file my_file17.cif (mmCIF, C-alpha atoms)
data_my_file
loop_
_atom_site.label_atom_id
_atom_site.label_comp_id
_atom_site.auth_asym_id
_atom_site.auth_seq_id
_atom_site.Cartn_x
_atom_site.Cartn_y
_atom_site.Cartn_z
CA MET S 1 1.62 26.25 -9.50
CA THR S 2 1.62 26.26 -13.27
CA VAL S 3 -1.96 25.08 -13.77
CA GLU S 4 -4.94 26.80 -12.13
CA VAL S 5 -5.88 25.50 -8.70
CA ASP S 6 -9.24 23.94 -7.95
CA THR S 7 -11.45 26.64 -6.43
CA HIS S 8 -13.92 24.06 -5.07
CA ALA S 9 -15.59 25.63 -2.01
CA LYS S 10 -14.71 22.73 0.31
CA PHE S 11 -10.97 23.22 -0.16
CA ALA S 12 -10.95 26.96 0.59
CA GLU S 13 -10.99 26.42 4.36
CA TYR S 14 -7.81 24.33 4.39
CA ALA S 15 -4.39 25.89 4.93
CA HIS S 16 -3.18 24.91 1.44
CA PRO S 17 -6.23 24.42 -0.79
CA GLU S 18 -3.96 24.24 -3.83
CA ARG S 19 -2.90 20.75 -2.71
CA LEU S 20 -6.31 19.20 -3.45
CA VAL S 21 -8.36 18.77 -6.57
CA SER S 22 -11.86 17.36 -7.00
CA THR S 23 -13.05 14.65 -9.35
CA ASP S 24 -14.72 17.40 -11.43
CA TRP S 25 -11.41 19.20 -11.78
CA VAL S 26 -9.61 16.02 -12.86
CA ALA S 27 -12.33 15.18 -15.37
CA ALA S 28 -11.92 18.66 -16.86
CA HIS S 29 -8.10 18.46 -16.98
CA LEU S 30 -7.50 15.03 -18.48
CA ASP S 31 -5.97 16.54 -21.60
CA THR S 32 -4.53 19.73 -20.15
CA PRO S 33 -0.88 20.19 -21.13
CA GLY S 34 1.36 20.34 -18.08
CA VAL S 35 -0.88 18.05 -16.00
CA VAL S 36 -0.02 14.40 -15.34
CA ILE S 37 -2.37 12.17 -13.36
CA VAL S 38 -0.61 9.45 -11.34
CA GLU S 39 -2.25 6.40 -9.80
CA SER S 40 -0.57 4.93 -6.72
CA ASP S 41 -2.20 1.94 -5.02
CA GLU S 42 -1.60 -0.66 -2.40
CA ASP S 43 -2.43 -3.36 -4.95
CA VAL S 44 0.21 -3.44 -7.67
CA LEU S 45 -2.29 -4.67 -10.31
CA LEU S 46 -5.23 -2.39 -9.61
CA TYR S 47 -4.16 0.18 -12.21
CA GLU S 48 -4.20 -2.56 -14.85
CA THR S 49 -7.83 -3.43 -14.07
CA GLY S 50 -8.91 0.09 -15.05
CA HIS S 51 -7.62 3.61 -14.41
CA ILE S 52 -8.40 7.25 -15.16
CA PRO S 53 -7.78 7.87 -18.88
CA GLY S 54 -4.24 9.06 -19.46
CA ALA S 55 -3.08 8.32 -15.91
CA VAL S 56 0.33 6.75 -15.36
CA LYS S 57 1.17 4.30 -12.59
CA ILE S 58 3.77 4.65 -9.85
CA ASP S 59 4.08 1.82 -7.36
CA TRP S 60 5.18 2.68 -3.84
CA HIS S 61 7.28 -0.42 -3.49
CA THR S 62 8.70 -1.34 -6.87
CA ASP S 63 9.19 2.25 -8.07
CA LEU S 64 9.85 4.48 -5.05
CA ASN S 65 11.79 2.22 -2.70
CA ASP S 66 15.43 1.36 -3.28
CA PRO S 67 15.52 -2.32 -4.29
CA VAL S 68 18.44 -3.12 -1.98
CA GLU S 69 18.75 -0.71 0.92
CA ARG S 70 15.84 0.28 3.15
CA ASP S 71 15.62 3.78 1.73
CA TYR S 72 14.00 5.69 -1.09
CA ILE S 73 15.45 5.83 -4.58
CA ASP S 74 18.12 8.44 -5.29
CA GLY S 75 17.98 11.52 -7.48
CA ALA S 76 19.10 9.71 -10.63
CA ALA S 77 16.49 6.96 -10.24
CA PHE S 78 13.77 9.50 -9.46
CA ALA S 79 14.69 11.52 -12.56
CA GLU S 80 14.58 8.38 -14.68
CA LEU S 81 11.23 7.31 -13.20
CA LEU S 82 9.49 10.66 -13.59
CA GLY S 83 10.95 11.33 -17.04
CA SER S 84 9.65 7.94 -18.19
CA LYS S 85 6.18 8.88 -16.93
CA GLY S 86 6.10 12.14 -18.89
CA ILE S 87 6.60 14.28 -15.80
CA ALA S 88 8.87 17.34 -16.05
CA ARG S 89 10.09 19.40 -13.10
CA ASP S 90 7.32 21.99 -13.64
CA THR S 91 4.52 19.48 -14.31
CA THR S 92 1.40 19.66 -12.17
CA VAL S 93 1.13 16.14 -10.74
CA VAL S 94 -2.20 14.89 -9.39
CA ILE S 95 -1.98 11.63 -7.45
CA TYR S 96 -4.90 9.35 -6.58
CA GLY S 97 -5.24 5.80 -5.35
CA ASP S 98 -7.05 3.14 -3.38
CA LYS S 99 -7.70 2.97 0.39
CA ASN S 100 -8.51 6.65 1.03
CA ASN S 101 -5.44 7.79 -0.90
CA TRP S 102 -3.21 6.07 1.63
CA TRP S 103 -0.52 5.17 -0.92
CA ALA S 104 -1.17 8.26 -3.00
CA ALA S 105 -0.24 10.39 0.03
CA TYR S 106 2.88 8.29 0.47
CA ALA S 107 3.89 8.94 -3.15
CA LEU S 108 3.17 12.66 -2.68
CA TRP S 109 5.41 12.71 0.39
CA VAL S 110 8.25 11.04 -1.57
CA PHE S 111 7.77 13.55 -4.42
CA THR S 112 8.13 16.26 -1.79
CA LEU S 113 11.46 14.79 -0.59
CA PHE S 114 12.72 15.56 -4.08
CA GLY S 115 11.27 19.05 -3.95
CA HIS S 116 8.74 18.52 -6.73
CA ASP S 117 6.81 21.74 -6.36
CA ASP S 118 3.33 21.18 -7.72
CA VAL S 119 1.95 17.86 -6.52
CA ARG S 120 -1.68 17.50 -5.48
CA LEU S 121 -4.07 14.78 -4.32
CA LEU S 122 -7.41 13.92 -5.88
CA ASP S 123 -9.76 14.26 -2.90
CA GLY S 124 -11.57 10.94 -2.45
CA GLY S 125 -9.17 9.00 -4.66
CA ARG S 126 -10.16 5.97 -6.67
CA ALA S 127 -13.21 5.22 -4.57
CA LYS S 128 -14.88 8.56 -5.29
CA TRP S 129 -14.04 8.51 -8.99
CA GLU S 130 -15.54 5.03 -9.16
CA ALA S 131 -18.60 5.82 -7.03
CA GLU S 132 -19.43 8.66 -9.38
CA GLY S 133 -19.37 6.24 -12.29
CA ARG S 134 -16.63 8.14 -14.06
CA GLU S 135 -14.64 6.78 -16.94
CA TYR S 136 -11.95 4.13 -16.58
CA THR S 137 -9.76 2.68 -19.28
CA THR S 138 -7.59 -0.44 -19.44
CA ASP S 139 -5.34 1.11 -22.09
CA ARG S 140 -1.69 0.42 -21.47
CA GLU S 141 0.29 3.30 -20.01
CA SER S 142 1.51 5.54 -22.82
CA ALA S 143 3.57 8.43 -21.54
CA GLU S 144 5.92 10.36 -23.75
CA ARG S 145 9.34 10.46 -22.16
CA VAL S 146 10.53 13.89 -21.07
CA ASP S 147 13.62 15.14 -19.26
CA TYR S 148 13.47 15.37 -15.50
CA PRO S 149 16.55 16.87 -13.84
CA VAL S 150 18.58 14.88 -11.33
CA VAL S 151 17.73 16.52 -8.02
CA GLU S 152 19.09 14.93 -4.88
CA ARG S 153 16.60 14.04 -2.19
CA ASP S 154 16.52 16.39 0.78
CA ASP S 155 15.47 14.41 3.85
CA ARG S 156 16.01 17.21 6.34
CA GLY S 157 12.69 18.97 6.33
CA ILE S 158 9.98 16.33 6.35
CA ARG S 159 11.67 13.03 7.18
CA ALA S 160 12.68 11.89 10.66
CA PHE S 161 15.13 9.14 11.54
CA LYS S 162 15.35 7.11 14.73
CA GLU S 163 17.96 9.48 16.22
CA ASP S 164 15.66 12.43 15.50
CA VAL S 165 12.85 10.73 17.41
CA LEU S 166 15.13 9.99 20.39
CA ALA S 167 16.02 13.70 20.48
CA HIS S 168 12.37 14.71 20.06
CA PHE S 169 10.92 13.63 23.43
CA GLY S 170 8.95 16.44 24.99
CA ASN S 171 7.54 17.37 21.59
CA PRO S 172 4.39 15.83 20.11
CA LEU S 173 4.48 12.42 18.49
CA ILE S 174 1.48 11.06 16.62
CA ASP S 175 1.13 7.30 16.28
CA VAL S 176 -1.31 6.75 13.42
CA ARG S 177 -1.62 2.96 13.76
CA SER S 178 -4.64 1.05 15.00
CA PRO S 179 -5.39 0.99 18.75
CA GLU S 180 -4.34 -2.69 18.83
CA GLU S 181 -0.91 -1.88 17.48
CA PHE S 182 -0.60 1.16 19.77
CA SER S 183 -1.37 -0.76 22.95
CA GLY S 184 0.95 -3.59 22.04
CA ALA S 185 -1.73 -6.22 21.51
CA ARG S 186 -0.24 -6.79 18.06
CA THR S 187 2.60 -5.52 15.86
CA THR S 188 0.70 -5.19 12.59
CA ALA S 189 -2.61 -3.69 11.54
CA PRO S 190 -5.51 -6.09 12.01
CA ALA S 191 -5.56 -8.38 8.98
CA TYR S 192 -2.21 -7.15 7.70
CA PRO S 193 0.89 -9.25 7.23
CA GLU S 194 3.52 -9.57 9.92
CA GLU S 195 6.41 -7.37 8.94
CA GLY S 196 8.83 -8.32 11.59
CA ALA S 197 8.89 -6.03 14.60
CA LEU S 198 10.27 -7.89 17.60
CA ARG S 199 8.49 -5.85 20.27
CA ALA S 200 4.98 -4.41 20.45
CA GLY S 201 3.70 -1.12 21.83
CA HIS S 202 4.38 2.52 20.97
CA ILE S 203 6.96 5.26 21.29
CA PRO S 204 6.44 6.81 24.77
CA THR S 205 4.33 10.00 24.82
CA ALA S 206 2.82 9.35 21.36
CA GLN S 207 -0.84 10.21 20.91
CA ASN S 208 -2.80 7.57 19.03
CA VAL S 209 -4.80 9.01 16.14
CA PRO S 210 -5.46 6.26 13.59
CA TRP S 211 -4.80 7.75 10.15
CA GLY S 212 -8.15 6.72 8.65
CA LYS S 213 -10.03 9.02 11.02
CA ALA S 214 -9.01 11.91 8.78
CA ALA S 215 -11.08 10.44 5.95
CA ALA S 216 -14.85 10.51 5.58
CA ASP S 217 -16.86 7.49 4.47
CA ASP S 218 -16.58 8.48 0.81
CA GLY S 219 -12.79 8.64 1.06
CA THR S 220 -12.55 12.44 0.96
CA PHE S 221 -10.78 14.39 3.68
CA ARG S 222 -12.88 15.48 6.65
CA SER S 223 -13.76 19.15 7.06
CA LEU S 224 -11.42 21.57 8.78
CA ASP S 225 -13.59 21.59 11.93
CA GLU S 226 -13.54 17.81 12.14
CA LEU S 227 -9.78 17.69 11.59
CA ASN S 228 -9.20 20.34 14.24
CA ALA S 229 -11.33 18.35 16.67
CA LEU S 230 -9.24 15.28 15.94
CA TYR S 231 -5.73 16.72 16.08
CA ARG S 232 -5.93 19.96 18.08
CA ASP S 233 -8.63 19.13 20.62
CA GLY S 234 -8.12 15.35 20.62
CA ALA S 235 -4.35 14.94 20.32
CA GLY S 236 -3.49 18.31 21.83
CA LEU S 237 -1.48 19.73 18.94
CA ALA S 238 -1.00 23.49 19.09
CA GLU S 239 0.24 26.15 16.70
CA GLY S 240 4.00 26.10 16.37
CA ASP S 241 4.36 22.48 17.49
CA ASP S 242 7.15 20.42 16.02
CA VAL S 243 5.40 17.13 15.18
CA ILE S 244 6.66 13.71 14.16
CA ALA S 245 4.20 11.11 12.86
CA TYR S 246 4.88 7.41 12.46
CA CYS S 247 3.14 4.12 11.74
CA ARG S 248 4.59 0.77 10.71
CA ILE S 249 6.68 1.59 7.63
CA GLY S 250 5.82 5.25 7.14
CA GLU S 251 2.96 4.91 4.65
CA ARG S 252 -0.11 5.54 6.81
CA SER S 253 1.76 8.37 8.52
CA SER S 254 2.35 10.02 5.12
CA HIS S 255 -1.40 10.45 4.96
CA THR S 256 -1.39 12.11 8.39
CA TRP S 257 1.65 14.18 7.37
CA PHE S 258 -0.41 15.48 4.43
CA VAL S 259 -3.34 16.36 6.68
CA LEU S 260 -1.21 18.16 9.28
CA THR S 261 0.95 19.97 6.75
CA HIS S 262 -1.36 20.87 3.90
CA LEU S 263 -4.83 20.89 5.43
CA LEU S 264 -4.13 22.12 8.97
CA GLY S 265 -1.07 24.21 8.12
CA PHE S 266 1.44 22.87 10.66
CA GLU S 267 4.99 23.63 9.58
CA GLY S 268 7.93 21.28 9.86
CA VAL S 269 5.90 18.10 10.38
CA ARG S 270 8.15 15.10 9.84
CA ASN S 271 7.32 11.53 8.91
CA TYR S 272 9.37 8.85 10.66
CA ASP S 273 9.37 6.20 7.94
CA GLY S 274 11.48 3.75 9.93
CA SER S 275 8.40 3.63 12.14
CA TRP S 276 7.45 0.59 14.16
CA THR S 277 9.31 -1.93 12.01
CA GLU S 278 12.51 -0.13 13.03
CA TRP S 279 11.64 1.10 16.52
CA GLY S 280 10.03 -2.18 17.58
CA SER S 281 13.20 -4.07 16.67
CA ALA S 282 15.84 -1.54 17.72
CA VAL S 283 18.01 -2.28 20.75
CA ARG S 284 17.60 -0.16 23.90
CA VAL S 285 14.93 2.28 22.76
CA PRO S 286 12.11 3.10 25.17
CA ILE S 287 8.69 1.52 24.52
CA ALA S 288 5.35 2.07 26.23
CA THR S 289 2.47 -0.41 26.23
CA GLY S 290 -1.23 0.00 26.92
CA SER S 291 -3.63 2.60 25.65
CA GLU S 292 -2.03 5.58 27.46
CA PRO S 293 0.76 7.60 25.81
CA GLY S 294 3.13 7.15 28.75
CA ALA S 295 5.69 9.52 30.25
CA VAL S 296 8.78 11.07 28.71
CA PRO S 297 11.47 8.42 29.22
CA ALA S 298 14.52 9.21 31.30
CA ALA S 299 17.61 9.98 29.26
CA ARG S 300 19.80 6.88 28.83
CA MET A 1 13.69 -29.14 -7.18
CA ASN A 2 11.64 -27.90 -10.09
CA ASP A 3 11.76 -31.18 -11.99
CA THR A 4 9.55 -32.67 -9.30
CA LEU A 5 6.86 -29.99 -9.69
CA PRO A 6 3.40 -31.14 -10.76
CA GLU A 7 2.79 -30.45 -14.45
CA ALA A 8 0.39 -27.51 -14.13
CA LEU A 9 2.55 -25.69 -11.59
CA GLU A 10 5.62 -26.23 -13.75
CA GLU A 11 3.77 -24.89 -16.78
CA ILE A 12 2.68 -21.78 -14.89
CA ARG A 13 6.23 -21.24 -13.68
CA THR A 14 7.58 -21.50 -17.22
CA ASP A 15 4.88 -19.18 -18.59
CA PHE A 16 5.86 -16.49 -16.11
CA THR A 17 9.62 -16.79 -16.26
CA GLU A 18 9.70 -16.78 -20.08
CA LEU A 19 8.08 -13.32 -20.11
CA GLU A 20 9.73 -9.95 -19.60
CA VAL A 21 9.23 -8.72 -16.05
CA LYS A 22 6.67 -6.11 -17.16
CA ASP A 23 4.57 -8.65 -19.03
CA ARG A 24 4.48 -10.94 -16.02
CA LEU A 25 2.10 -8.48 -14.38
CA GLN A 26 -0.25 -8.81 -17.35
CA LEU A 27 -0.20 -12.59 -17.01
CA LEU A 28 -0.93 -12.25 -13.30
CA LEU A 29 -3.89 -10.05 -14.23
CA GLU A 30 -5.16 -12.78 -16.57
CA PHE A 31 -4.98 -15.26 -13.73
CA SER A 32 -6.78 -12.77 -11.54
CA ASN A 33 -9.64 -12.56 -14.05
CA GLU A 34 -9.83 -16.34 -14.28
CA LEU A 35 -10.40 -17.01 -10.58
CA PRO A 36 -13.63 -19.02 -10.60
CA GLU A 37 -16.64 -17.98 -8.52
CA LEU A 38 -17.11 -19.97 -5.35
CA PRO A 39 -19.52 -22.89 -5.67
CA ALA A 40 -22.83 -22.09 -3.97
CA GLN A 41 -22.26 -24.42 -1.02
CA TYR A 42 -19.28 -22.26 0.04
CA SER A 43 -20.45 -18.80 -0.97
CA GLU A 44 -23.55 -19.36 1.14
CA HIS A 45 -21.45 -20.58 4.07
CA PRO A 46 -18.66 -18.06 4.59
CA ASP A 47 -17.99 -19.70 7.97
CA LEU A 48 -16.42 -22.63 6.13
CA LEU A 49 -13.77 -20.37 4.62
CA GLU A 50 -10.44 -19.55 6.22
CA ARG A 51 -9.05 -16.06 5.95
CA VAL A 52 -5.42 -15.74 4.86
CA GLU A 53 -4.32 -13.20 7.45
CA GLU A 54 -0.93 -12.65 5.86
CA CYS A 55 -2.49 -11.11 2.75
CA GLN A 56 -3.23 -7.40 2.81
CA SER A 57 -6.61 -7.90 1.18
CA PRO A 58 -9.41 -10.13 2.39
CA VAL A 59 -8.83 -13.48 0.73
CA PHE A 60 -10.51 -16.65 1.88
CA ILE A 61 -9.69 -20.26 1.05
CA PHE A 62 -11.37 -23.59 1.52
CA VAL A 63 -9.78 -26.98 0.93
CA ASP A 64 -11.69 -30.20 0.41
CA VAL A 65 -10.25 -33.72 0.13
CA ASP A 66 -12.49 -36.30 -1.55
CA ALA A 67 -12.69 -40.07 -1.09
CA GLU A 68 -10.01 -40.59 -3.78
CA LYS A 69 -7.63 -38.35 -1.82
CA THR A 70 -7.87 -35.65 -4.46
CA VAL A 71 -7.54 -32.07 -3.24
CA HIS A 72 -10.09 -29.43 -4.24
CA LEU A 73 -9.24 -25.81 -3.55
CA TYR A 74 -11.67 -22.90 -3.54
CA ALA A 75 -10.71 -19.27 -3.03
CA THR A 76 -12.32 -15.87 -3.14
CA ALA A 77 -10.97 -12.31 -3.01
CA PRO A 78 -12.56 -8.97 -3.97
CA LYS A 79 -12.03 -7.39 -7.37
CA GLU A 80 -10.29 -4.45 -5.67
CA ALA A 81 -7.50 -6.86 -4.83
CA PRO A 82 -6.41 -8.19 -8.23
CA THR A 83 -2.92 -9.17 -7.09
CA THR A 84 -4.28 -11.37 -4.33
CA ARG A 85 -6.88 -12.81 -6.71
CA GLY A 86 -4.07 -13.60 -9.14
CA PHE A 87 -2.08 -15.45 -6.46
CA ALA A 88 -5.13 -17.47 -5.46
CA SER A 89 -5.96 -18.26 -9.07
CA ILE A 90 -2.44 -19.58 -9.75
CA LEU A 91 -2.79 -21.97 -6.83
CA VAL A 92 -6.35 -23.01 -7.76
CA GLN A 93 -5.25 -23.83 -11.32
CA GLY A 94 -1.86 -25.24 -10.37
CA LEU A 95 -3.15 -27.57 -7.67
CA ALA A 96 -6.31 -28.69 -9.51
CA GLY A 97 -6.77 -32.45 -9.46
CA LEU A 98 -3.62 -33.18 -7.46
CA SER A 99 -3.49 -35.86 -4.79
CA VAL A 100 -2.87 -35.13 -1.14
CA ASP A 101 0.72 -36.33 -1.41
CA GLU A 102 1.38 -34.22 -4.50
CA VAL A 103 0.04 -31.05 -2.85
CA LEU A 104 2.07 -31.64 0.29
CA ALA A 105 5.20 -32.16 -1.84
CA VAL A 106 4.91 -28.75 -3.53
CA PRO A 107 7.93 -26.73 -2.35
CA ASP A 108 6.93 -24.05 0.17
CA ASP A 109 8.89 -21.45 -1.78
CA TYR A 110 7.17 -22.15 -5.11
CA PRO A 111 5.81 -18.54 -5.20
CA SER A 112 9.37 -17.22 -5.17
CA ASP A 113 10.19 -19.22 -8.31
CA LEU A 114 7.61 -17.50 -10.51
CA GLY A 115 9.86 -14.57 -11.32
CA LEU A 116 7.29 -12.22 -9.85
CA THR A 117 9.32 -10.99 -6.92
CA ALA A 118 10.79 -8.04 -8.83
CA ALA A 119 7.46 -7.23 -10.48
CA VAL A 120 5.31 -7.18 -7.36
CA SER A 121 7.92 -6.89 -4.54
CA PRO A 122 9.04 -9.56 -2.03
CA LEU A 123 6.58 -8.24 0.53
CA ARG A 124 3.61 -9.08 -1.67
CA ILE A 125 4.98 -12.49 -2.69
CA ARG A 126 5.01 -13.36 1.01
CA GLY A 127 1.21 -13.26 0.92
CA MET A 128 1.15 -16.01 -1.70
CA THR A 129 3.65 -18.10 0.25
CA ALA A 130 1.38 -17.82 3.29
CA MET A 131 -1.61 -18.87 1.17
CA LEU A 132 0.21 -22.02 0.04
CA GLY A 133 1.21 -22.74 3.63
CA ARG A 134 -2.38 -22.50 4.82
CA ILE A 135 -3.60 -24.73 1.99
CA LYS A 136 -1.09 -27.42 2.92
CA ARG A 137 -2.03 -27.14 6.58
CA GLN A 138 -5.72 -27.54 5.73
CA VAL A 139 -4.91 -30.59 3.60
CA ARG A 140 -3.04 -32.16 6.52
CA GLU A 141 -5.94 -31.44 8.86
CA LYS A 142 -8.52 -32.87 6.45
CA VAL A 143 -6.49 -36.06 6.00
CA ALA A 144 -6.01 -36.48 9.74
CA ALA A 145 -9.70 -35.91 10.49
#
call {"tool": "encode", "arguments": {"input": "my_file17.cif", "output": "structure tokens"}}
result
Amino acid sequence: MTVEVDTHAKFAEYAHPERLVSTDWVAAHLDTPGVVIVESDEDVLLYETGHIPGAVKIDWHTDLNDPVERDYIDGAAFAELLGSKGIARDTTVVIYGDKNNWWAAYALWVFTLFGHDDVRLLDGGRAKWEAEGREYTTDRESAERVDYPVVERDDRGIRAFKEDVLAHFGNPLIDVRSPEEFSGARTTAPAYPEEGALRAGHIPTAQNVPWGKAAADDGTFRSLDELNALYRDGAGLAEGDDVIAYCRIGERSSHTWFVLTHLLGFEGVRNYDGSWTEWGSAVRVPIATGSEPGAVPAAR
Amino acid sequence: MNDTLPEALEEIRTDFTELEVKDRLQLLLEFSNELPELPAQYSEHPDLLERVEECQSPVFIFVDVDAEKTVHLYATAPKEAPTTRGFASILVQGLAGLSVDEVLAVPDDYPSDLGLTAAVSPLRIRGMTAMLGRIKRQVREKVAA
């Protein structure tokens, strides 16, 4: 961490308080050298309607996903992207966005695949900044290009693939989608577009903890006690567990990955970004329906 | 295909495709800001509006066909969803004053011809395609009624 962490009392109880900053902290660090604020939203135009002064924009789809293959960009493209946004390898990056930081957490997870060391979330995201009546600007993005080294992505630690999930049965799985998607009543979140899964339901044994439960009404993360009640008491996670989280395309589960890893301190949590759009269309993988997790499937 | 497009839709298409990809987003934002408020008879009767389920943000449309068989389209979406507002605004402006037959003749893949796919991603363009599909379906229903 090259720039001082936010010593806000609320963050102290989390496993990695250095991963969060408050709106006060951001307001006080808008011009701090070595800090770059990044906005990452679901809506690709929201940044243009007004953003935190000096913030740059990174879009989850057009910037972070490979335009051809279903994968993330490679080391060269990531270096080009970050360099163009004025981000160096040792820059402190603070990401914020709409929808309880849903997409901001996704961007943070992708940054982590490339081993970017100091990347934090603005607790409460856009909604809190806005609710507090803080300053927005519609100035065009103006970052000074810097050099970012080409570092190849390392998927091993925090990313799970379909084969990893098949080999994971017996260990905890967290399905962070809505109860309707979990039970198999539908394949997409209520009011979200159909993204082409052929079958509905969930991966057998997965506990259903909708991602948004980790956020309070004002968009900030819930307290440690509340998060423990949700994931340890509710979903039965215990110290030392090897956890895989998934959703529909891996975005909502990035948010849960952040909570489990940085707020609750679980190690080795992986995000299965293939998620339901892969699993629900794959041939001969086990699927459970209904609101119960279901039993460990027999080996095939 | 494009030479049969109604004038306003053709003009919008040309305006977008003549711009650099990055500037197309700015034009979409202008459209977003131009989406007219709903007339009172619809804003006070949200039950008349149809939600476009395929869009990630809550967007509602209402189609009216008058005695001269002219189509009137109304749409509303929150300011937190500027992309969706922009899509709706393009269709409101592009379809304004067209006849039933002209609206039904608009190619279903018109949204893909705006050159926006790279700027906003194919996934998001699908929302606009769905909006156009629902508009045409409502027109057919209104004519049949």
call {"tool": "resolve_selection", "arguments": {"input": "my_file17.cif", "expression": "the PyMOL selection byres ((chain A) within 9 of (chain S))", "output": "ChimeraX atom specification"}}
result
/A:25-26,28-29,51-58,79-84,118-121,123-124,126-127
call {"tool": "write_last_selection", "arguments": {"input": "my_file17.cif", "atoms": "C-alpha atoms", "output": "PDB file, keeping the file's coordinate frame"}}
result
ATOM      1  CA  LEU A  25       2.100  -8.480 -14.380  1.00  0.00           C
ATOM      2  CA  GLN A  26      -0.250  -8.810 -17.350  1.00  0.00           C
ATOM      3  CA  LEU A  28      -0.930 -12.250 -13.300  1.00  0.00           C
ATOM      4  CA  LEU A  29      -3.890 -10.050 -14.230  1.00  0.00           C
ATOM      5  CA  ARG A  51      -9.050 -16.060   5.950  1.00  0.00           C
ATOM      6  CA  VAL A  52      -5.420 -15.740   4.860  1.00  0.00           C
ATOM      7  CA  GLU A  53      -4.320 -13.200   7.450  1.00  0.00           C
ATOM      8  CA  GLU A  54      -0.930 -12.650   5.860  1.00  0.00           C
ATOM      9  CA  CYS A  55      -2.490 -11.110   2.750  1.00  0.00           C
ATOM     10  CA  GLN A  56      -3.230  -7.400   2.810  1.00  0.00           C
ATOM     11  CA  SER A  57      -6.610  -7.900   1.180  1.00  0.00           C
ATOM     12  CA  PRO A  58      -9.410 -10.130   2.390  1.00  0.00           C
ATOM     13  CA  LYS A  79     -12.030  -7.390  -7.370  1.00  0.00           C
ATOM     14  CA  GLU A  80     -10.290  -4.450  -5.670  1.00  0.00           C
ATOM     15  CA  ALA A  81      -7.500  -6.860  -4.830  1.00  0.00           C
ATOM     16  CA  PRO A  82      -6.410  -8.190  -8.230  1.00  0.00           C
ATOM     17  CA  THR A  83      -2.920  -9.170  -7.090  1.00  0.00           C
ATOM     18  CA  THR A  84      -4.280 -11.370  -4.330  1.00  0.00           C
ATOM     19  CA  ALA A 118      10.790  -8.040  -8.830  1.00  0.00           C
ATOM     20  CA  ALA A 119       7.460  -7.230 -10.480  1.00  0.00           C
ATOM     21  CA  VAL A 120       5.310  -7.180  -7.360  1.00  0.00           C
ATOM     22  CA  SER A 121       7.920  -6.890  -4.540  1.00  0.00           C
ATOM     23  CA  LEU A 123       6.580  -8.240   0.530  1.00  0.00           C
ATOM     24  CA  ARG A 124       3.610  -9.080  -1.670  1.00  0.00           C
ATOM     25  CA  ARG A 126       5.010 -13.360   1.010  1.00  0.00           C
ATOM     26  CA  GLY A 127       1.210 -13.260   0.920  1.00  0.00           C
TER      27      GLY A 127
END
call {"tool": "resolve_selection", "arguments": {"input": "my_file17.cif", "expression": "the PyMOL selection byres ((chain S and resi 95) around 9)", "output": "VMD selection string"}}
result
chain S and resid 36 to 40 93 to 94 96 to 97 101 104 to 105 107 to 108 119 to 122 125
call {"tool": "write_last_selection", "arguments": {"input": "my_file17.cif", "atoms": "C-alpha atoms", "output": "tab-separated table (two decimals), in the frame of the given file"}}
result
chain	number	residue	atom	x	y	z
S	36	VAL	CA	-0.02	14.40	-15.34
S	37	ILE	CA	-2.37	12.17	-13.36
S	38	VAL	CA	-0.61	9.45	-11.34
S	39	GLU	CA	-2.25	6.40	-9.80
S	40	SER	CA	-0.57	4.93	-6.72
S	93	VAL	CA	1.13	16.14	-10.74
S	94	VAL	CA	-2.20	14.89	-9.39
S	96	TYR	CA	-4.90	9.35	-6.58
S	97	GLY	CA	-5.24	5.80	-5.35
S	101	ASN	CA	-5.44	7.79	-0.90
S	104	ALA	CA	-1.17	8.26	-3.00
S	105	ALA	CA	-0.24	10.39	0.03
S	107	ALA	CA	3.89	8.94	-3.15
S	108	LEU	CA	3.17	12.66	-2.68
S	119	VAL	CA	1.95	17.86	-6.52
S	120	ARG	CA	-1.68	17.50	-5.48
S	121	LEU	CA	-4.07	14.78	-4.32
S	122	LEU	CA	-7.41	13.92	-5.88
S	125	GLY	CA	-9.17	9.00	-4.66
call {"tool": "resolve_selection", "arguments": {"input": "my_file17.cif", "expression": "the PyMOL selection byres ((chain S and resi 263) around 10)", "output": "short mmCIF file (atom, residue, chain, number, x, y, z; two decimals) with C-alpha atoms, in the frame of the given file"}}
result
data_model
loop_
_atom_site.label_atom_id
_atom_site.label_comp_id
_atom_site.auth_asym_id
_atom_site.auth_seq_id
_atom_site.Cartn_x
_atom_site.Cartn_y
_atom_site.Cartn_z
CA PHE S 11 -10.97 23.22 -0.16
CA ALA S 12 -10.95 26.96 0.59
CA GLU S 13 -10.99 26.42 4.36
CA TYR S 14 -7.81 24.33 4.39
CA ALA S 15 -4.39 25.89 4.93
CA HIS S 16 -3.18 24.91 1.44
CA PRO S 17 -6.23 24.42 -0.79
CA GLU S 18 -3.96 24.24 -3.83
CA ARG S 19 -2.90 20.75 -2.71
CA LEU S 20 -6.31 19.20 -3.45
CA PHE S 221 -10.78 14.39 3.68
CA ARG S 222 -12.88 15.48 6.65
CA SER S 223 -13.76 19.15 7.06
CA LEU S 224 -11.42 21.57 8.78
CA LEU S 227 -9.78 17.69 11.59
CA ASN S 228 -9.20 20.34 14.24
CA THR S 256 -1.39 12.11 8.39
CA TRP S 257 1.65 14.18 7.37
CA PHE S 258 -0.41 15.48 4.43
CA VAL S 259 -3.34 16.36 6.68
CA LEU S 260 -1.21 18.16 9.28
CA THR S 261 0.95 19.97 6.75
CA HIS S 262 -1.36 20.87 3.90
CA LEU S 264 -4.13 22.12 8.97
CA GLY S 265 -1.07 24.21 8.12
CA PHE S 266 1.44 22.87 10.66
#
